[in-house]
Amino acid sequence: MSASRSSPTRPPGTGVQLGATWIEAPYPVLVVDRHGGLVRINGAAQLLLPGAASGDWLHDRAPSWLADAHRRICDGLSDTRTGPLTGRVRDRLVEAHPTTGDDGDVVWWLVDETDRHFAETALADVQTRSEVLAEVSSSLLSTLNVRRCMEVASSMAAEHLAEAAVLVGPPQGRRHSLTFAHRGGPVTQSVRQVDVSGVPGLAEALQGFPPVPARWIDPADLPDWVIPEGFTSPVGSVIVTPLPGHGVPAGALILLRSGTERAFSENEEVFARLFAARAGAALSAARLYTEQAAITATLMNELLPPVLRNVHGVEYAGGYRASKDHERVGGDFYDVHPGADPSGETLVVLGDVAGKGLDAAVLTGKIRNTLHALLPLAEDHQRVLNLLNGALLSSHHTRFATLVLVSVHNRDGRTRLRVTGAGHLPPLLARADGTVEEVATRGTLVGALPTVEARTVETVLAPGETCLLYTDGIVEARGGPLGDEFLGTERLKRALAECAGMQAEAVVERIQMLAAQWLREGRHDDMAVVAITAPRASTLATGDGYGRYGGRNT
């Protein structure tokens, strides 16, 4: 006769032989017969399953996952050696370890894994968030472009923190830069006027104040401009957090979740602030770099030599190469200051400041500005040099400079030059017959002694002849077959002799090519060269010293 399912078949106290200590075991223990009846239950199990007692059916007192597992073991469909089972008993996570006795009873040891599971989950969350923050920092700091940085920040926020994100940049007048990101959708950017006061906590976040708790924000109050395109579900939860920058706020971040998703938890709000801190630091660094790059570019353009063209029929061409290929400015410079009309003189200046790099370039800028202010006195080279010398001696700079001044006057088919050197290499004249002459001008350095002594020499260029001004970086270019020989003045003269009759721009290109070929990959000083070529017959006077449109080298 088979046993009835209405009540257990054996009275308590029979079945699996267990020691008396199991009653006091800290873990819940159930002894269940092959039919699913509770044979024994200790005190810990009674706390876990209130009301359970020997003689009850397991399926009436325990969760279905445990009763089903017991039935599979008793029916031979499962083996106790496969390991423990895990499931929930009320609000606790329990790991169930079965042991089968000789008479078919099963002892279930129930181990409460709730705290361990919570700790493991919390640790996994921390590890995941640490990985996300590391990825965020790496991605954001890999670019110094502000728009790209805003795009990456909003995209990663939508991917890791919410379903959609809106990054609001600092105000630009009455307008804000906005970057919208929607999980699985494109990132869009725009600059427009929006009412930030319509989003609770946004105006304060843009000023750097702490964020408003998400539970205080009613998603129904959000204005339409906050919702990215493609985010069609009603908003269910919102976070508004500032993006802290270096001294000033870098903007604010709005995170959105739809009503079908769970609301933001307090831990997620904290994580959002950590994310925002990294995004704000990256945006602030990108903006600082952009501002500094713009300032540097503006100042650099003022330090670069000008583009030279024809002035009153005379050809002017210049070339410059800094001592290091990655630099654009240095201690050599040149300028052409056109006369007010063809009857006036054009002043050409070429100089070399002691030193290299940006420090020397700063002094070249001061010299060029001072000479520009002294243009009304340009008829008297000696006076101009002494006034410049006084300005340099009274400044905080301790560097000196060499200069050559050339006043050019083209009239009646003749190009007259007044040349004054101040510690500089003498200019060279390329005559029409292929000969090369040195202009016998000389003088002392500028910015070194109380006064400047200089000699002015006048000469005339026939049509097509060229006057070449150059710095010592040309003749002191070290290279050649063994890499240790100077280019020298004689080689420069021979090359210039081959340029007879060439246009000024071609002459400059030939000299620069000569120096580059001589140097090859060797180190060198700053190099500057200017060619002044007299007009050929029937050449028309055009331009203004800086070309038709003016401007400077870039």
# chains A, B, ... in the order shown; residues from 1 in each chain; ligands from 1
$ select_by_dssp --residues "stretch 112-321 of chain A" --states "strand (DSSP E)" --output "JSON, numbers by chain"
{"A": [112, 164, 165, 166, 167, 168, 169, 170, 171, 172, 175, 176, 177, 178, 179, 180, 181, 182, 188, 189, 190, 191, 192, 235, 236, 237, 238, 239, 240, 241, 242, 252, 253, 254, 255, 256, 257, 258, 315, 316, 317, 318, 319, 320, 321]}
$ write_last_selection --atoms "C-alpha atoms" --output "compact mmCIF listing (two decimals), in the first residue's frame"
# COMPACT_ATOMS: atom_id res chain seq x y z
CA ASP A 112 21.98 32.39 4.52
CA ALA A 164 19.85 60.03 -22.31
CA ALA A 165 22.13 62.88 -21.34
CA VAL A 166 22.26 66.61 -22.03
CA LEU A 167 25.49 68.52 -21.44
CA VAL A 168 24.90 72.25 -20.99
CA GLY A 169 27.94 74.46 -21.47
CA PRO A 170 28.65 77.72 -19.61
CA PRO A 171 26.69 80.73 -20.89
CA GLN A 172 28.02 82.54 -23.95
CA ARG A 175 23.27 81.35 -25.41
CA HIS A 176 24.47 77.95 -24.25
CA SER A 177 26.24 75.16 -26.08
CA LEU A 178 24.11 72.01 -25.83
CA THR A 179 25.18 68.43 -26.49
CA PHE A 180 22.44 65.76 -26.65
CA ALA A 181 23.09 62.03 -26.43
CA HIS A 182 20.59 59.17 -26.50
CA THR A 188 23.93 66.20 -31.66
CA GLN A 189 25.29 69.62 -30.75
CA SER A 190 23.91 73.13 -31.02
CA VAL A 191 24.32 76.61 -29.59
CA ARG A 192 21.10 78.42 -28.77
CA VAL A 235 10.76 60.89 -18.51
CA GLY A 236 10.55 59.09 -15.17
CA SER A 237 13.67 60.21 -13.30
CA VAL A 238 16.11 63.13 -13.64
CA ILE A 239 19.53 64.05 -12.27
CA VAL A 240 21.01 67.55 -12.64
CA THR A 241 24.62 67.83 -11.50
CA PRO A 242 27.32 70.49 -11.99
CA ALA A 252 26.15 71.04 -16.08
CA LEU A 253 24.99 67.53 -16.89
CA ILE A 254 21.34 66.43 -17.11
CA LEU A 255 20.65 62.67 -16.96
CA LEU A 256 17.29 61.22 -18.02
CA ARG A 257 15.59 57.86 -17.51
CA SER A 258 12.21 56.88 -18.89
CA GLU A 315 60.74 93.32 -55.75
CA TYR A 316 61.04 92.13 -52.16
CA ALA A 317 61.17 88.54 -51.03
CA GLY A 318 62.00 86.98 -47.66
CA GLY A 319 62.53 83.57 -46.16
CA TYR A 320 62.83 82.37 -42.60
CA ARG A 321 63.67 79.07 -40.89
$ residues_around --residues "A:Thr143" --least-positions-apart "4" --cutoff "9 Å" --atoms "only C-alpha atoms" --output "PDB file with N, CA and C atoms, in the first residue's frame"
ATOM      1  N   SER A 139      39.200  58.398 -21.988  1.00  0.00           N
ATOM      2  CA  SER A 139      38.579  58.897 -23.231  1.00  0.00           C
ATOM      3  C   SER A 139      38.531  60.413 -23.263  1.00  0.00           C
ATOM      4  N   ARG A 148      34.638  67.989 -29.102  1.00  0.00           N
ATOM      5  CA  ARG A 148      34.812  66.542 -29.043  1.00  0.00           C
ATOM      6  C   ARG A 148      34.697  66.059 -27.601  1.00  0.00           C
ATOM      7  N   CYS A 149      35.244  66.806 -26.667  1.00  0.00           N
ATOM      8  CA  CYS A 149      35.174  66.431 -25.261  1.00  0.00           C
ATOM      9  C   CYS A 149      33.724  66.426 -24.776  1.00  0.00           C
ATOM     10  N   ALA A 282      38.080  67.468 -17.437  1.00  0.00           N
ATOM     11  CA  ALA A 282      38.521  67.332 -18.825  1.00  0.00           C
ATOM     12  C   ALA A 282      38.049  68.502 -19.678  1.00  0.00           C
ATOM     13  N   ALA A 286      40.337  71.269 -21.594  1.00  0.00           N
ATOM     14  CA  ALA A 286      40.200  71.503 -23.035  1.00  0.00           C
ATOM     15  C   ALA A 286      39.941  72.976 -23.329  1.00  0.00           C
TER      16      ALA A 286
END
$ residues_around --residues "A:Leu428" --least-positions-apart "4" --cutoff "8 Å" --atoms "only C-alpha atoms" --output "ChimeraX atom specification"
/A:436-439,467-469,493
$ write_last_selection --atoms "N, CA and C atoms" --output "mmCIF file, in the first residue's frame"
data_model
loop_
_atom_site.group_PDB
_atom_site.id
_atom_site.type_symbol
_atom_site.label_atom_id
_atom_site.label_comp_id
_atom_site.auth_asym_id
_atom_site.auth_seq_id
_atom_site.Cartn_x
_atom_site.Cartn_y
_atom_site.Cartn_z
ATOM 1 N N VAL A 436 79.647 89.619 -57.605
ATOM 2 C CA VAL A 436 79.018 89.826 -56.309
ATOM 3 C C VAL A 436 79.905 90.735 -55.475
ATOM 4 N N GLU A 437 79.306 91.778 -54.895
ATOM 5 C CA GLU A 437 80.057 92.734 -54.088
ATOM 6 C C GLU A 437 79.496 92.768 -52.666
ATOM 7 N N GLU A 438 80.358 93.078 -51.713
ATOM 8 C CA GLU A 438 79.924 93.324 -50.345
ATOM 9 C C GLU A 438 79.709 94.822 -50.160
ATOM 10 N N VAL A 439 78.642 95.179 -49.469
ATOM 11 C CA VAL A 439 78.406 96.575 -49.138
ATOM 12 C C VAL A 439 79.275 96.914 -47.917
ATOM 13 N N CYS A 467 70.071 93.058 -54.080
ATOM 14 C CA CYS A 467 70.783 93.232 -52.820
ATOM 15 C C CYS A 467 70.274 92.155 -51.854
ATOM 16 N N LEU A 468 71.183 91.356 -51.310
ATOM 17 C CA LEU A 468 70.803 90.238 -50.438
ATOM 18 C C LEU A 468 71.193 90.548 -48.994
ATOM 19 N N LEU A 469 70.209 90.511 -48.114
ATOM 20 C CA LEU A 469 70.437 90.627 -46.674
ATOM 21 C C LEU A 469 70.268 89.236 -46.065
ATOM 22 N N LYS A 493 78.464 83.593 -51.911
ATOM 23 C CA LYS A 493 78.694 84.512 -53.034
ATOM 24 C C LYS A 493 78.616 83.773 -54.370
#
$ select_by_dssp --residues "stretch 269-482 of chain A" --states "helix (DSSP H, G or I)" --output "PyMOL selection string"
chain A and resi 269-303+357-373+375-377+381-393+472-475
$ residues_around --residues "A:Arg368" --least-positions-apart "4" --cutoff "9 Å" --atoms "only C-alpha atoms" --output "compact mmCIF listing (two decimals) with N, CA, C and O atoms, in the first residue's frame"
# COMPACT_ATOMS: atom_id res chain seq x y z
N LEU A 303 54.55 87.81 -34.33
CA LEU A 303 55.99 87.60 -34.31
C LEU A 303 56.52 87.05 -35.63
O LEU A 303 57.72 87.15 -35.90
N PHE A 333 64.72 88.16 -37.72
CA PHE A 333 63.49 88.82 -38.17
C PHE A 333 63.80 89.74 -39.34
O PHE A 333 64.95 90.11 -39.60
N TYR A 334 62.75 90.11 -40.05
CA TYR A 334 62.86 91.13 -41.09
C TYR A 334 61.52 91.81 -41.26
O TYR A 334 60.47 91.27 -40.89
N ASP A 335 61.55 93.01 -41.80
CA ASP A 335 60.34 93.80 -42.06
C ASP A 335 60.58 94.69 -43.26
O ASP A 335 61.73 95.09 -43.54
N VAL A 349 64.34 96.23 -42.95
CA VAL A 349 65.09 95.91 -41.73
C VAL A 349 65.29 94.40 -41.65
O VAL A 349 64.35 93.63 -41.84
N LEU A 363 61.89 89.39 -27.85
CA LEU A 363 62.67 90.62 -28.04
C LEU A 363 62.60 91.10 -29.48
O LEU A 363 62.58 92.31 -29.74
N THR A 364 62.55 90.18 -30.45
CA THR A 364 62.39 90.63 -31.83
C THR A 364 61.08 91.39 -32.00
O THR A 364 61.03 92.38 -32.74
N HIS A 372 58.94 100.34 -35.80
CA HIS A 372 57.73 100.84 -36.46
C HIS A 372 57.36 102.22 -35.92
O HIS A 372 56.94 103.11 -36.68
N ALA A 373 57.54 102.41 -34.62
CA ALA A 373 57.24 103.71 -34.03
C ALA A 373 58.24 104.77 -34.47
O ALA A 373 57.92 105.98 -34.48
$ closest_residue --among "A:Ser54, A:Asn267, A:Ser407, A:Gln517" --to "A:Asn42" --atoms "only C-alpha atoms"
A:Ser54
$ atom_distance --atom1 "atom CA of A:Asp68" --atom2 "atom CA of A:Thr121"
27.3 Å
$ atom_distance --atom1 "atom CA of A:Trp57" --atom2 "atom CA of A:Gly37"
4.5 Å
$ atom_distance --atom1 "atom CA of A:Gly365" --atom2 "atom CA of A:Pro450"
21.6 Å
$ closest_residue --among "A:Gly479, A:Gly351, A:Gly185, A:Pro342" --to "A:Phe231" --atoms "only C-alpha atoms"
A:Gly185
